[in-house]
file protein-v7.txt (compact mmCIF, C-alpha atoms and all ligand atoms)
# COMPACT_ATOMS: atom_id res chain seq x y z
CA MET A 1 -0.93 10.73 9.73
CA SER A 2 -2.08 12.71 12.79
CA VAL A 3 -5.62 11.41 12.34
CA LEU A 4 -4.32 7.85 12.08
CA SER A 5 -2.28 8.31 15.27
CA ILE A 6 -5.30 9.67 17.13
CA GLY A 7 -7.36 6.76 15.81
CA LEU A 8 -4.99 4.42 17.63
CA GLY A 9 -5.27 6.44 20.84
CA LEU A 10 -1.75 7.83 20.40
CA GLU A 11 -0.35 11.35 20.41
CA GLU A 12 -0.99 13.00 17.07
CA GLY A 13 2.67 13.16 16.03
CA ARG A 14 3.47 9.59 16.95
CA LEU A 15 3.13 7.70 13.64
CA GLU A 16 4.98 10.43 11.79
CA LYS A 17 7.81 10.19 14.32
CA GLU A 18 7.88 6.39 14.05
CA VAL A 19 8.42 6.55 10.29
CA GLY A 20 11.34 8.91 10.73
CA GLY A 21 9.62 12.29 10.68
CA LEU A 22 9.34 14.51 7.63
CA GLU A 23 13.15 14.76 7.35
CA GLU A 24 13.56 11.02 6.82
CA LEU A 25 10.43 10.22 4.78
CA LEU A 26 11.26 9.33 1.21
CA LEU A 27 8.74 10.39 -1.43
CA GLN A 28 8.74 8.34 -4.58
CA MET A 29 6.52 8.99 -7.56
CA LYS A 30 5.47 6.30 -9.99
CA ILE A 31 3.47 6.94 -13.13
CA ASN A 32 1.31 4.03 -14.27
CA TYR A 33 0.32 4.05 -17.91
CA TYR A 34 -2.39 1.55 -18.82
CA PRO A 35 -2.78 1.31 -22.59
CA ARG A 36 -6.13 0.50 -24.16
CA CYS A 37 -6.66 -3.21 -24.35
CA PRO A 38 -9.11 -4.97 -26.69
CA GLN A 39 -9.53 -7.85 -24.24
CA PRO A 40 -9.23 -6.36 -20.76
CA GLU A 41 -10.44 -9.58 -19.13
CA LEU A 42 -7.27 -11.32 -20.34
CA ALA A 43 -4.81 -8.72 -19.08
CA LEU A 44 -3.86 -6.94 -15.87
CA GLY A 45 -2.24 -3.50 -15.71
CA VAL A 46 -0.77 -3.78 -12.23
CA GLU A 47 -1.04 -7.16 -10.54
CA ALA A 48 -2.60 -7.58 -7.09
CA HIS A 49 -0.34 -6.26 -4.33
CA THR A 50 -0.26 -4.25 -1.16
CA ASP A 51 1.88 -1.10 -1.06
CA ILE A 52 4.98 -1.28 1.13
CA SER A 53 4.83 2.46 1.87
CA ALA A 54 3.52 4.16 4.99
CA LEU A 55 0.92 6.00 2.89
CA THR A 56 0.29 6.24 -0.85
CA PHE A 57 -1.51 9.09 -2.58
CA ILE A 58 -2.96 8.54 -6.06
CA LEU A 59 -4.26 10.91 -8.70
CA HIS A 60 -5.59 9.55 -11.98
CA ASN A 61 -7.19 10.64 -15.24
CA MET A 62 -10.73 9.67 -14.18
CA VAL A 63 -10.75 6.35 -16.04
CA PRO A 64 -11.86 3.53 -13.72
CA GLY A 65 -9.39 0.68 -13.20
CA LEU A 66 -8.24 0.63 -9.58
CA GLN A 67 -9.77 -2.32 -7.76
CA LEU A 68 -9.62 -3.20 -4.08
CA PHE A 69 -10.06 -6.64 -2.60
CA TYR A 70 -12.76 -5.96 -0.03
CA GLN A 71 -14.88 -8.53 1.81
CA GLY A 72 -13.75 -11.32 -0.51
CA LYS A 73 -14.51 -9.47 -3.76
CA TRP A 74 -12.75 -7.13 -6.18
CA VAL A 75 -14.45 -3.75 -5.93
CA THR A 76 -13.78 -0.96 -8.47
CA ALA A 77 -12.88 2.37 -6.87
CA LYS A 78 -15.23 5.20 -7.80
CA CYS A 79 -13.78 8.06 -9.81
CA VAL A 80 -14.53 11.13 -7.72
CA PRO A 81 -13.54 14.44 -9.36
CA ASN A 82 -11.05 16.62 -7.44
CA SER A 83 -10.25 13.89 -4.95
CA ILE A 84 -7.07 12.09 -3.99
CA ILE A 85 -7.02 8.38 -3.22
CA MET A 86 -5.06 7.43 -0.13
CA HIS A 87 -3.88 3.93 0.64
CA ILE A 88 -2.53 2.80 3.95
CA GLY A 89 0.59 0.79 3.21
CA ASP A 90 2.34 -2.13 4.92
CA THR A 91 4.42 0.21 7.12
CA ILE A 92 1.37 1.64 8.92
CA GLU A 93 -0.23 -1.81 9.03
CA ILE A 94 2.83 -3.12 10.87
CA LEU A 95 3.08 -0.16 13.29
CA SER A 96 -0.65 -0.39 14.07
CA ASN A 97 -0.39 -4.19 14.53
CA GLY A 98 -2.95 -4.72 11.78
CA LYS A 99 -5.53 -2.26 13.14
CA TYR A 100 -5.08 -0.37 9.89
CA LYS A 101 -5.00 -2.68 6.88
CA SER A 102 -2.79 -2.38 3.86
CA ILE A 103 -5.42 -3.31 1.31
CA LEU A 104 -4.81 -5.69 -1.57
CA HIS A 105 -5.38 -3.84 -4.84
CA ARG A 106 -4.72 -4.06 -8.56
CA GLY A 107 -4.99 -1.95 -11.70
CA LEU A 108 -7.13 -3.03 -14.64
CA VAL A 109 -6.78 -2.00 -18.25
CA ASN A 110 -9.70 -0.49 -20.11
CA LYS A 111 -11.14 -1.39 -23.51
CA GLU A 112 -11.85 2.16 -24.69
CA LYS A 113 -9.61 4.48 -22.79
CA VAL A 114 -6.01 4.88 -21.76
CA ARG A 115 -5.69 5.11 -18.00
CA ILE A 116 -2.91 7.02 -16.28
CA SER A 117 -2.31 7.20 -12.56
CA TRP A 118 0.26 9.12 -10.56
CA ALA A 119 1.12 7.44 -7.29
CA VAL A 120 3.26 9.07 -4.60
CA PHE A 121 4.61 6.66 -2.01
CA PHE A 122 5.66 7.95 1.41
CA GLU A 123 8.30 5.54 2.62
CA PRO A 124 10.35 5.27 5.79
CA PRO A 125 14.16 5.11 5.56
CA LYS A 126 15.39 1.68 4.43
CA GLU A 127 17.74 0.81 7.33
CA LYS A 128 17.47 3.45 10.03
CA ILE A 129 14.22 2.33 11.63
CA ILE A 130 13.03 -1.02 12.90
CA LEU A 131 9.37 -1.42 12.00
CA LYS A 132 7.33 -3.33 14.54
CA PRO A 133 3.93 -3.00 16.21
CA LEU A 134 3.94 -0.09 18.65
CA PRO A 135 3.90 -1.29 22.28
CA GLU A 136 0.71 0.68 22.99
CA VAL A 137 -1.27 -1.36 20.45
CA VAL A 138 0.05 -4.75 21.56
CA THR A 139 -1.77 -6.53 24.37
CA GLU A 140 -1.98 -10.07 25.68
CA ALA A 141 -5.22 -10.52 23.76
CA GLU A 142 -3.72 -8.93 20.65
CA PRO A 143 -0.08 -10.01 20.50
CA ALA A 144 2.31 -8.61 17.89
CA GLN A 145 1.42 -9.94 14.45
CA PHE A 146 4.58 -8.74 12.74
CA PRO A 147 8.22 -9.47 13.61
CA PRO A 148 10.63 -6.53 13.89
CA ARG A 149 12.15 -5.73 10.49
CA THR A 150 13.78 -2.77 8.81
CA PHE A 151 11.95 -1.47 5.76
CA ALA A 152 14.65 -3.09 3.59
CA GLN A 153 14.11 -6.43 5.36
CA HIS A 154 10.36 -6.11 4.90
CA ILE A 155 10.83 -5.62 1.14
CA GLU A 156 13.26 -8.56 0.98
CA HIS A 157 10.86 -10.78 2.92
CA LYS A 158 7.96 -9.85 0.65
CA LEU A 159 9.95 -10.52 -2.52
CA PHE A 160 11.32 -13.78 -1.13
CA ARG A 161 7.84 -14.97 -0.14
CA LYS A 162 6.54 -14.08 -3.59
CA SER A 163 9.30 -15.97 -5.37
CA GLN A 164 8.79 -18.97 -3.05
CA GLU A 165 5.05 -18.94 -3.78
CA ALA A 166 5.77 -18.76 -7.51
CA LEU A 167 8.13 -21.74 -7.21
CA LEU A 168 5.63 -23.77 -5.17
CA SER A 169 2.84 -23.12 -7.63
CA LYS A 170 4.88 -24.62 -10.50
O1 LIG A 201 -3.19 2.79 -10.92
C1 LIG A 201 -3.63 2.79 -9.77
O2 LIG A 201 -4.67 3.39 -9.46
C2 LIG A 201 -2.93 2.03 -8.69
C3 LIG A 201 -1.50 1.72 -8.99
C4 LIG A 201 -0.84 1.02 -7.85
O3 LIG A 201 -1.45 0.31 -7.10
C5 LIG A 201 0.59 1.21 -7.60
O4 LIG A 201 1.27 1.84 -8.42
O5 LIG A 201 1.07 0.74 -6.54
FE FE A 202 -0.33 -0.03 -5.24
call {"tool": "encode", "arguments": {"input": "protein-v7.txt", "output": "structure tokens", "more": "lines below"}}
Ligand SMILES: O=C(O)CCC(=O)C(=O)O
Ligand SMILES: [Fe+2]
result
Amino acid sequence: MSVLSIGLGLEEGRLEKEVGGLEELLLQMKINYYPRCPQPELALGVEAHTDISALTFILHNMVPGLQLFYQGKWVTAKCVPNSIIMHIGDTIEILSNGKYKSILHRGLVNKEKVRISWAVFFEPPKEKIILKPLPEVVTEAEPAQFPPRTFAQHIEHKLFRKSQEALLSK
């Protein structure tokens, strides 16, 4: 998080402070189990989404399956031994006013192998903090792209938008 703060021209502790500091950060672990699938092209393990977290760290069992939507195409993440995947989530995207992107990604199933991933989400407190672009990264030329919302409101908004989109597509 220090590196990301410095990248925005801020003090190194700034982003960490803005998400509530280490005392307030909530760590949640999710284990994704992707069974073998005889027709992987017909199924999705985890549908396309962006993470709501500040940061997400992922370890996996070296079976490819994570894809990122990059430059208009789905790109499969390389399996690099002894590495950890880090995603920037919506929270940092909002605070940075979109300078850091919360990338759209999904998880595919595999024909031959079971895939398992362990994701740890670093999340800000649900109600205590209002998430909005930091004043230092907002200018006249780059106005705030995100309205102020608590983390809980952000989740609600995202779910509401998704259900609206599902209704409209019917
Ligand atoms: O399985 C993966 O590599 C990614 C899973 C994921 O995107 C998630 O759990 O949010
Ligand atoms: Fe994710």
call {"tool": "residues_near_ligand", "arguments": {"input": "protein-v7.txt", "ligand": "ligand LIG 201 (chain A)", "cutoff": "8 Å", "atoms": "all atoms listed in the file", "output": "number ranges by chain"}}
result
A: 30-33, 45-46, 48-51, 56, 58-60, 65-67, 105-108, 115-119
call {"tool": "write_last_selection", "arguments": {"input": "protein-v7.txt", "atoms": "C-alpha atoms", "output": "tab-separated table (two decimals), keeping the file's coordinate frame"}}
result
chain	number	residue	atom	x	y	z
A	30	LYS	CA	5.47	6.30	-9.99
A	31	ILE	CA	3.47	6.94	-13.13
A	32	ASN	CA	1.31	4.03	-14.27
A	33	TYR	CA	0.32	4.05	-17.91
A	45	GLY	CA	-2.24	-3.50	-15.71
A	46	VAL	CA	-0.77	-3.78	-12.23
A	48	ALA	CA	-2.60	-7.58	-7.09
A	49	HIS	CA	-0.34	-6.26	-4.33
A	50	THR	CA	-0.26	-4.25	-1.16
A	51	ASP	CA	1.88	-1.10	-1.06
A	56	THR	CA	0.29	6.24	-0.85
A	58	ILE	CA	-2.96	8.54	-6.06
A	59	LEU	CA	-4.26	10.91	-8.70
A	60	HIS	CA	-5.59	9.55	-11.98
A	65	GLY	CA	-9.39	0.68	-13.20
A	66	LEU	CA	-8.24	0.63	-9.58
A	67	GLN	CA	-9.77	-2.32	-7.76
A	105	HIS	CA	-5.38	-3.84	-4.84
A	106	ARG	CA	-4.72	-4.06	-8.56
A	107	GLY	CA	-4.99	-1.95	-11.70
A	108	LEU	CA	-7.13	-3.03	-14.64
A	115	ARG	CA	-5.69	5.11	-18.00
A	116	ILE	CA	-2.91	7.02	-16.28
A	117	SER	CA	-2.31	7.20	-12.56
A	118	TRP	CA	0.26	9.12	-10.56
A	119	ALA	CA	1.12	7.44	-7.29
call {"tool": "closest_residue", "arguments": {"input": "protein-v7.txt", "among": "A:Ala166, A:Leu95, A:Lys113, A:Lys128", "to": "Met62 of chain A", "atoms": "all atoms listed in the file"}}
result
A:Lys113
call {"tool": "atom_distance", "arguments": {"input": "protein-v7.txt", "atom1": "atom CA of Leu134 of chain A", "atom2": "atom CA of Asn97 of chain A"}}
result
7.2 Å
call {"tool": "residues_around", "arguments": {"input": "protein-v7.txt", "residues": "Pro133 of chain A", "least_positions_apart": "5", "cutoff": "10 Å", "atoms": "all atoms listed in the file", "output": "list in words"}}
result
Thr91, Ile92, Glu93, Ile94, Leu95, Ser96, Asn97, Gly98, Lys99, Val138, Pro143, Ala144, Gln145, Phe146, Pro147 and Pro148 of chain A
call {"tool": "residues_around", "arguments": {"input": "protein-v7.txt", "residues": "Arg14 of chain A", "least_positions_apart": "6", "cutoff": "9 Å", "atoms": "all atoms listed in the file", "output": "NGL selection string"}}
result
:A and (1-2 or 5-6)
call {"tool": "residues_around", "arguments": {"input": "protein-v7.txt", "residues": "Tyr70 of chain A", "least_positions_apart": "4", "cutoff": "8 Å", "atoms": "only C-alpha atoms", "output": "list in words"}}
result
Trp74, Val75 and Ile103 of chain A
call {"tool": "write_last_selection", "arguments": {"input": "protein-v7.txt", "atoms": "C-alpha atoms", "output": "mmCIF file, in the frame of the given file"}}
result
data_model
loop_
_atom_site.group_PDB
_atom_site.id
_atom_site.type_symbol
_atom_site.label_atom_id
_atom_site.label_comp_id
_atom_site.auth_asym_id
_atom_site.auth_seq_id
_atom_site.Cartn_x
_atom_site.Cartn_y
_atom_site.Cartn_z
ATOM 1 C CA TRP A 74 -12.750 -7.130 -6.180
ATOM 2 C CA VAL A 75 -14.450 -3.750 -5.930
ATOM 3 C CA ILE A 103 -5.420 -3.310 1.310
#
call {"tool": "closest_residue", "arguments": {"input": "protein-v7.txt", "among": "A:Arg161, A:Met29, A:Pro124, A:Glu140", "to": "ligand FE 202 (chain A)", "atoms": "only C-alpha atoms and all ligand atoms"}}
result
A:Met29
